[in-house]
$ cat coords39.pdb   # PDB, C-alpha atoms
MODEL        1
ATOM      1  CA  MET A   1     125.366  93.941  82.453
ATOM      2  CA  PHE A   2     122.945  93.927  79.519
ATOM      3  CA  PHE A   3     125.459  95.562  77.171
ATOM      4  CA  ALA A   4     128.440  93.630  78.563
ATOM      5  CA  CYS A   5     126.769  90.280  77.892
ATOM      6  CA  ILE A   6     126.021  91.229  74.294
ATOM      7  CA  THR A   7     129.597  92.414  73.793
ATOM      8  CA  LEU A   8     130.993  89.160  75.221
ATOM      9  CA  TYR A   9     128.720  87.100  72.995
ATOM     10  CA  TYR A  10     129.846  88.862  69.840
ATOM     11  CA  LYS A  11     133.503  88.525  70.815
ATOM     12  CA  VAL A  12     133.163  84.783  71.401
ATOM     13  CA  HIS A  13     131.086  84.156  68.281
ATOM     14  CA  TYR A  14     132.649  86.737  66.006
ATOM     15  CA  GLU A  15     133.657  84.184  63.408
ATOM     16  CA  ALA A  16     130.565  81.990  63.824
ATOM     17  CA  ASN A  17     127.739  82.063  61.341
ATOM     18  CA  SER A  18     125.019  82.660  63.910
ATOM     19  CA  VAL A  19     123.062  85.232  61.934
ATOM     20  CA  THR A  20     121.018  84.332  58.867
ATOM     21  CA  ILE A  21     121.916  86.899  56.224
ATOM     22  CA  ASP A  22     122.103  87.113  52.480
ATOM     23  CA  SER A  23     125.572  85.724  51.753
ATOM     24  CA  ARG A  24     125.766  87.399  48.384
ATOM     25  CA  THR A  25     125.148  90.791  49.948
ATOM     26  CA  MET A  26     127.879  90.177  52.506
ATOM     27  CA  MET A  27     130.386  89.093  49.867
ATOM     28  CA  THR A  28     129.630  92.130  47.742
ATOM     29  CA  GLU A  29     130.143  94.469  50.661
ATOM     30  CA  LYS A  30     133.445  92.845  51.576
ATOM     31  CA  THR A  31     134.656  93.253  48.028
ATOM     32  CA  THR A  32     133.639  96.876  47.641
ATOM     33  CA  ASN A  33     134.661  98.083  51.064
ATOM     34  CA  GLY A  34     138.064  96.434  51.250
ATOM     35  CA  ALA A  35     140.501  97.999  53.634
ATOM     36  CA  SER A  36     138.259 100.998  54.306
ATOM     37  CA  SER A  37     135.610  98.842  56.004
ATOM     38  CA  SER A  38     137.065  99.576  59.443
ATOM     39  CA  TRP A  39     135.803 103.138  59.180
ATOM     40  CA  SER A  40     132.556 102.790  57.280
ATOM     41  CA  ARG A  41     129.811 105.369  57.444
ATOM     42  CA  TRP A  42     128.108 103.174  60.044
ATOM     43  CA  ARG A  43     131.019 103.449  62.435
ATOM     44  CA  ILE A  44     131.586 107.133  61.823
ATOM     45  CA  GLY A  45     127.901 107.870  62.356
ATOM     46  CA  ALA A  46     127.557 105.751  65.493
ATOM     47  CA  TRP A  47     130.678 107.035  67.233
ATOM     48  CA  GLY A  48     129.897 110.580  66.113
ATOM     49  CA  VAL A  49     126.528 110.414  67.841
ATOM     50  CA  ALA A  50     128.203 108.921  70.928
ATOM     51  CA  ALA A  51     130.658 111.814  71.090
ATOM     52  CA  LEU A  52     127.807 114.292  70.656
ATOM     53  CA  VAL A  53     125.875 112.761  73.560
ATOM     54  CA  LEU A  54     128.858 113.317  75.847
ATOM     55  CA  LEU A  55     129.564 116.773  74.452
ATOM     56  CA  LEU A  56     126.051 118.193  74.888
ATOM     57  CA  PRO A  57     126.049 118.218  78.735
ATOM     58  CA  LEU A  58     129.517 119.765  78.741
ATOM     59  CA  VAL A  59     128.354 122.561  76.454
ATOM     60  CA  ALA A  60     125.119 123.048  78.410
ATOM     61  CA  MET A  61     127.090 123.471  81.638
ATOM     62  CA  GLN A  62     128.686 126.572  80.160
ATOM     63  CA  PHE A  63     125.315 128.296  79.747
ATOM     64  CA  THR A  64     123.072 127.078  82.578
ATOM     65  CA  ASN A  65     123.340 125.942  86.185
ATOM     66  CA  GLU A  66     120.548 123.421  85.701
ATOM     67  CA  VAL A  67     123.035 121.029  84.101
ATOM     68  CA  ASN A  68     125.721 120.210  86.628
ATOM     69  CA  TRP A  69     127.480 116.981  85.745
ATOM     70  CA  THR A  70     130.341 115.682  87.859
ATOM     71  CA  LEU A  71     133.288 113.648  86.624
ATOM     72  CA  GLY A  72     131.483 110.555  87.841
ATOM     73  CA  ASP A  73     128.458 111.439  85.708
ATOM     74  CA  PHE A  74     130.604 111.707  82.594
ATOM     75  CA  VAL A  75     132.362 108.417  83.369
ATOM     76  CA  PHE A  76     129.031 106.648  83.902
ATOM     77  CA  ALA A  77     127.647 108.100  80.651
ATOM     78  CA  ALA A  78     130.788 107.054  78.781
ATOM     79  CA  LEU A  79     130.468 103.490  80.081
ATOM     80  CA  LEU A  80     126.830 103.327  78.994
ATOM     81  CA  ILE A  81     127.710 104.674  75.563
ATOM     82  CA  LEU A  82     130.525 102.158  75.205
ATOM     83  CA  GLY A  83     128.040  99.488  76.241
ATOM     84  CA  VAL A  84     126.029 100.402  73.151
ATOM     85  CA  GLY A  85     128.848 101.319  70.782
ATOM     86  CA  VAL A  86     131.030  98.243  71.195
ATOM     87  CA  PRO A  87     128.262  95.671  70.539
ATOM     88  CA  PHE A  88     127.100  97.746  67.567
ATOM     89  CA  GLU A  89     130.643  97.901  66.215
ATOM     90  CA  LEU A  90     130.947  94.131  66.456
ATOM     91  CA  ALA A  91     127.515  93.658  64.869
ATOM     92  CA  VAL A  92     128.525  95.868  61.936
ATOM     93  CA  ARG A  93     131.655  93.807  61.413
ATOM     94  CA  LYS A  94     129.749  90.553  61.685
ATOM     95  CA  SER A  95     126.778  91.240  59.436
ATOM     96  CA  GLY A  96     126.699  92.899  56.046
ATOM     97  CA  ASN A  97     122.916  93.182  56.055
ATOM     98  CA  THR A  98     121.905  96.836  56.373
ATOM     99  CA  VAL A  99     118.468  96.200  57.879
ATOM    100  CA  TYR A 100     119.948  93.836  60.458
ATOM    101  CA  ARG A 101     122.429  96.535  61.459
ATOM    102  CA  ILE A 102     119.648  99.075  61.874
ATOM    103  CA  ALA A 103     117.604  96.609  63.923
ATOM    104  CA  ILE A 104     120.542  95.995  66.265
ATOM    105  CA  GLY A 105     121.104  99.737  66.523
ATOM    106  CA  VAL A 106     117.482 100.456  67.416
ATOM    107  CA  ALA A 107     117.457  97.714  70.076
ATOM    108  CA  LEU A 108     120.709  98.907  71.660
ATOM    109  CA  VAL A 109     119.679 102.562  71.670
ATOM    110  CA  THR A 110     116.329 101.634  73.226
ATOM    111  CA  ALA A 111     118.072  99.665  75.963
ATOM    112  CA  PHE A 112     120.444 102.587  76.513
ATOM    113  CA  LEU A 113     117.591 105.086  76.855
ATOM    114  CA  LEU A 114     115.685 102.786  79.206
ATOM    115  CA  VAL A 115     118.687 102.390  81.510
ATOM    116  CA  TRP A 116     119.714 106.052  81.331
ATOM    117  CA  THR A 117     116.306 107.549  82.059
ATOM    118  CA  ASN A 118     115.487 104.962  84.693
ATOM    119  CA  LEU A 119     118.679 105.584  86.645
ATOM    120  CA  ALA A 120     118.817 109.332  86.062
ATOM    121  CA  VAL A 121     115.269 110.466  86.791
ATOM    122  CA  GLY A 122     113.143 107.330  87.104
ATOM    123  CA  LEU A 123     110.312 106.303  84.796
ATOM    124  CA  ILE A 124     107.906 106.102  87.728
ATOM    125  CA  GLY A 125     108.187 109.005  90.141
ATOM    126  CA  ASN A 126     111.892 109.498  90.798
ATOM    127  CA  GLU A 127     114.919 107.241  90.423
ATOM    128  CA  GLY A 128     114.497 105.963  93.980
ATOM    129  CA  GLU A 129     111.091 104.386  93.428
ATOM    130  CA  PRO A 130     111.345 100.561  93.802
ATOM    131  CA  ALA A 131     108.798 100.111  90.989
ATOM    132  CA  ASN A 132     111.443 101.235  88.507
ATOM    133  CA  LEU A 133     113.340  98.000  89.114
ATOM    134  CA  MET A 134     110.712  96.171  87.072
ATOM    135  CA  TYR A 135     112.025  97.820  83.922
ATOM    136  CA  PHE A 136     115.270  95.898  84.298
ATOM    137  CA  GLY A 137     113.104  92.810  83.928
ATOM    138  CA  VAL A 138     112.162  94.104  80.480
ATOM    139  CA  LEU A 139     115.859  94.225  79.585
ATOM    140  CA  ALA A 140     116.289  90.713  80.959
ATOM    141  CA  VAL A 141     113.595  89.425  78.583
ATOM    142  CA  GLY A 142     115.473  90.881  75.629
ATOM    143  CA  LEU A 143     118.876  89.692  76.782
ATOM    144  CA  VAL A 144     117.854  86.126  77.593
ATOM    145  CA  GLY A 145     115.829  85.865  74.397
ATOM    146  CA  ALA A 146     118.724  87.134  72.277
ATOM    147  CA  PHE A 147     121.057  84.484  73.660
ATOM    148  CA  MET A 148     118.445  81.757  73.251
ATOM    149  CA  VAL A 149     117.997  82.513  69.545
ATOM    150  CA  ARG A 150     121.742  83.138  69.044
ATOM    151  CA  PHE A 151     121.009  86.590  67.611
ATOM    152  CA  GLN A 152     119.484  85.113  64.466
ATOM    153  CA  ALA A 153     117.168  87.550  62.715
ATOM    154  CA  ARG A 154     113.938  85.533  62.882
ATOM    155  CA  GLY A 155     114.427  84.654  66.514
ATOM    156  CA  MET A 156     115.343  88.249  67.339
ATOM    157  CA  ALA A 157     112.059  89.397  65.803
ATOM    158  CA  PHE A 158     110.104  87.296  68.299
ATOM    159  CA  THR A 159     112.458  88.296  71.108
ATOM    160  CA  LEU A 160     111.865  92.004  70.506
ATOM    161  CA  LEU A 161     108.130  91.344  70.275
ATOM    162  CA  ALA A 162     108.305  89.670  73.694
ATOM    163  CA  THR A 163     110.348  92.594  75.027
ATOM    164  CA  GLY A 164     107.730  95.069  73.825
ATOM    165  CA  VAL A 165     104.993  93.011  75.449
ATOM    166  CA  ALA A 166     107.015  92.894  78.679
ATOM    167  CA  GLN A 167     107.258  96.695  78.589
ATOM    168  CA  MET A 168     103.472  96.908  78.348
ATOM    169  CA  LEU A 169     102.979  94.317  81.087
ATOM    170  CA  VAL A 170     105.090  96.393  83.464
ATOM    171  CA  ALA A 171     102.843  99.374  82.751
ATOM    172  CA  GLY A 172      99.781  97.247  83.445
ATOM    173  CA  ILE A 173     101.193  96.095  86.780
ATOM    174  CA  VAL A 174     102.107  99.660  87.719
ATOM    175  CA  LEU A 175      98.635 100.978  86.975
ATOM    176  CA  LEU A 176      96.702  98.098  88.528
ATOM    177  CA  ALA A 177      98.802  98.182  91.700
ATOM    178  CA  GLY A 178      98.537 101.953  91.969
ATOM    179  CA  MET A 179     102.318 102.384  91.829
ATOM    180  CA  HIS A 180     101.876 105.448  89.645
ATOM    181  CA  GLU A 181     100.280 107.358  92.517
ATOM    182  CA  VAL A 182     103.526 109.026  93.545
ATOM    183  CA  ALA A 183     104.915 112.515  93.007
ATOM    184  CA  GLY A 184     106.039 113.095  89.438
ATOM    185  CA  SER A 185     104.000 110.261  87.958
ATOM    186  CA  SER A 186     100.512 109.780  86.552
ATOM    187  CA  VAL A 187      98.499 107.455  84.364
ATOM    188  CA  GLY A 188      99.255 109.622  81.354
ATOM    189  CA  GLU A 189     102.995 109.637  82.038
ATOM    190  CA  VAL A 190     103.119 105.865  82.430
ATOM    191  CA  LEU A 191     101.189 105.341  79.200
ATOM    192  CA  LYS A 192     103.367 107.774  77.237
ATOM    193  CA  VAL A 193     106.601 106.227  78.450
ATOM    194  CA  THR A 194     105.307 102.735  77.773
ATOM    195  CA  GLY A 195     104.124 103.653  74.295
ATOM    196  CA  PHE A 196     107.476 105.229  73.450
ATOM    197  CA  PHE A 197     109.620 102.286  74.509
ATOM    198  CA  ALA A 198     107.213  99.598  73.281
ATOM    199  CA  ALA A 199     107.149 101.276  69.858
ATOM    200  CA  LEU A 200     110.951 101.185  69.687
ATOM    201  CA  TRP A 201     111.141  97.519  70.730
ATOM    202  CA  LEU A 202     108.506  96.564  68.163
ATOM    203  CA  THR A 203     110.203  98.644  65.457
ATOM    204  CA  SER A 204     113.430  96.754  66.044
ATOM    205  CA  GLY A 205     111.520  93.473  65.956
ATOM    206  CA  GLY A 206     109.886  94.447  62.683
ATOM    207  CA  LEU A 207     113.269  95.206  61.153
ATOM    208  CA  PHE A 208     114.611  91.840  62.263
ATOM    209  CA  TRP A 209     111.556  90.159  60.732
ATOM    210  CA  HIS A 210     112.170  92.015  57.464
ATOM    211  CA  THR A 211     115.776  90.781  57.508
ATOM    212  CA  ALA A 212     114.692  87.199  58.101
ATOM    213  CA  GLN A 213     112.093  87.335  55.335
ATOM    214  CA  GLY A 214     114.623  88.772  52.887
ATOM    215  CA  ALA A 215     117.150  86.074  53.708
ATOM    216  CA  SER A 216     114.468  83.386  53.356
ATOM    217  CA  THR A 217     113.413  84.706  49.957
ATOM    218  CA  ALA A 218     117.000  84.859  48.757
ATOM    219  CA  SER A 219     117.615  81.300  49.948
ATOM    220  CA  THR A 220     114.502  80.053  48.148
ATOM    221  CA  GLU A 221     115.507  81.747  44.915
ATOM    222  CA  GLU A 222     118.991  80.291  45.154
ATOM    223  CA  SER A 223     117.593  76.806  45.704
ATOM    224  CA  LEU A 224     115.296  77.124  42.693
ATOM    225  CA  ALA A 225     118.171  78.369  40.551
ATOM    226  CA  MET A 226     120.241  75.302  41.447
ATOM    227  CA  GLN A 227     117.472  72.878  40.408
TER     228      GLN A 227
ENDMDL
END
$ encode --input "coords39.pdb" --output "structure tokens"
Amino acid sequence: MFFACITLYYKVHYEANSVTIDSRTMMTEKTTNGASSSWSRWRIGAWGVAALVLLLPLVAMQFTNEVNWTLGDFVFAALLILGVGVPFELAVRKSGNTVYRIAIGVALVTAFLLVWTNLAVGLIGNEGEPANLMYFGVLAVGLVGAFMVRFQARGMAFTLLATGVAQMLVAGIVLLAGMHEVAGSSVGEVLKVTGFFAALWLTSGGLFWHTAQGASTASTEESLAMQ
């Protein structure tokens, strides 16, 4: 649902100017890329990584019995990967700002990892632990915030900050309520997982902030030049 909503938004607003970017950078990229823009290094890299993610379990199954994916597992993984790849593809087409693209990529990959690990093995205990449902609330913070700010860079910076804080709040609730006292979980595990995901959310937010600051500086310089 998280990825589908983002994809729908980008399809509806593909032609809208909802992201604050440096217009001169975008125009330059359109001119230089031309017809080859449909297969830029961004797209090749992103879809190459997606194919590798699906290929690794298949290769591992040939060498060990510990990896035993069914057809359903591969279909589910493919849907998750498409849920990341399609919004990223649309974001690349929409924005010519490199840092903005990276920020979107980091946020989508983080969401993908959070969903994958939570459903596959569970971040707290195993995948059947009810406490793991709270992590979908973290995704909800990011999704709702992104729509509220219309995916504009400055607003996305605050949204990803809020998402990182939500990740840490979930950890606090887990530890205070003793939810970590189950098999396969511990205080250390909860803190490590929280630190990992919070760092990724905040990194994405920092990149969005950098994008917004760059666009603001460029706009100021353009205004001064016109005076």
$ atom_distance --input "coords39.pdb" --atom1 "CA of Tyr135 (chain A)" --atom2 "CA of Trp201 (chain A)"
13.2 Å
$ residues_around --input "coords39.pdb" --residues "Ala46 (chain A)" --least-positions-apart "4" --cutoff "9 Å" --atoms "all atoms listed in the file" --output "PyMOL selection string"
chain A and resi 41-42+50-51+85+88-89+105
$ closest_residue --input "coords39.pdb" --among "A:Leu175, A:Leu191, A:Ala107, A:Ala78" --to "Leu161 (chain A)" --atoms "only C-alpha atoms"
A:Ala107
$ atom_distance --input "coords39.pdb" --atom1 "CA of Ala120 (chain A)" --atom2 "CA of Met134 (chain A)"
15.5 Å
$ residues_around --input "coords39.pdb" --residues "Arg43 (chain A)" --least-positions-apart "3" --cutoff "12 Å" --atoms "all atoms listed in the file" --output "ChimeraX atom specification"
/A:36-40,46-50,85-93,101,105
$ atom_distance --input "coords39.pdb" --atom1 "CA of Asn132 (chain A)" --atom2 "CA of Leu119 (chain A)"
8.6 Å
$ closest_residue --input "coords39.pdb" --among "A:Leu123, A:Arg154, A:Gly184, A:Leu143" --to "Ala171 (chain A)" --atoms "all atoms listed in the file"
A:Leu123
$ closest_residue --input "coords39.pdb" --among "A:Pro57, A:Val84, A:Val165, A:Ala131" --to "Leu71 (chain A)" --atoms "all atoms listed in the file"
A:Pro57
$ resolve_selection --input "coords39.pdb" --expression "the PyMOL selection byres ((chain A and resi 80) around 10)" --output "list of chain:residue names"
A:Phe3, A:Ala4, A:Ala50, A:Phe74, A:Val75, A:Phe76, A:Ala77, A:Ala78, A:Leu79, A:Ile81, A:Leu82, A:Gly83, A:Val84, A:Gly85, A:Ala111, A:Phe112, A:Leu113, A:Val115, A:Trp116
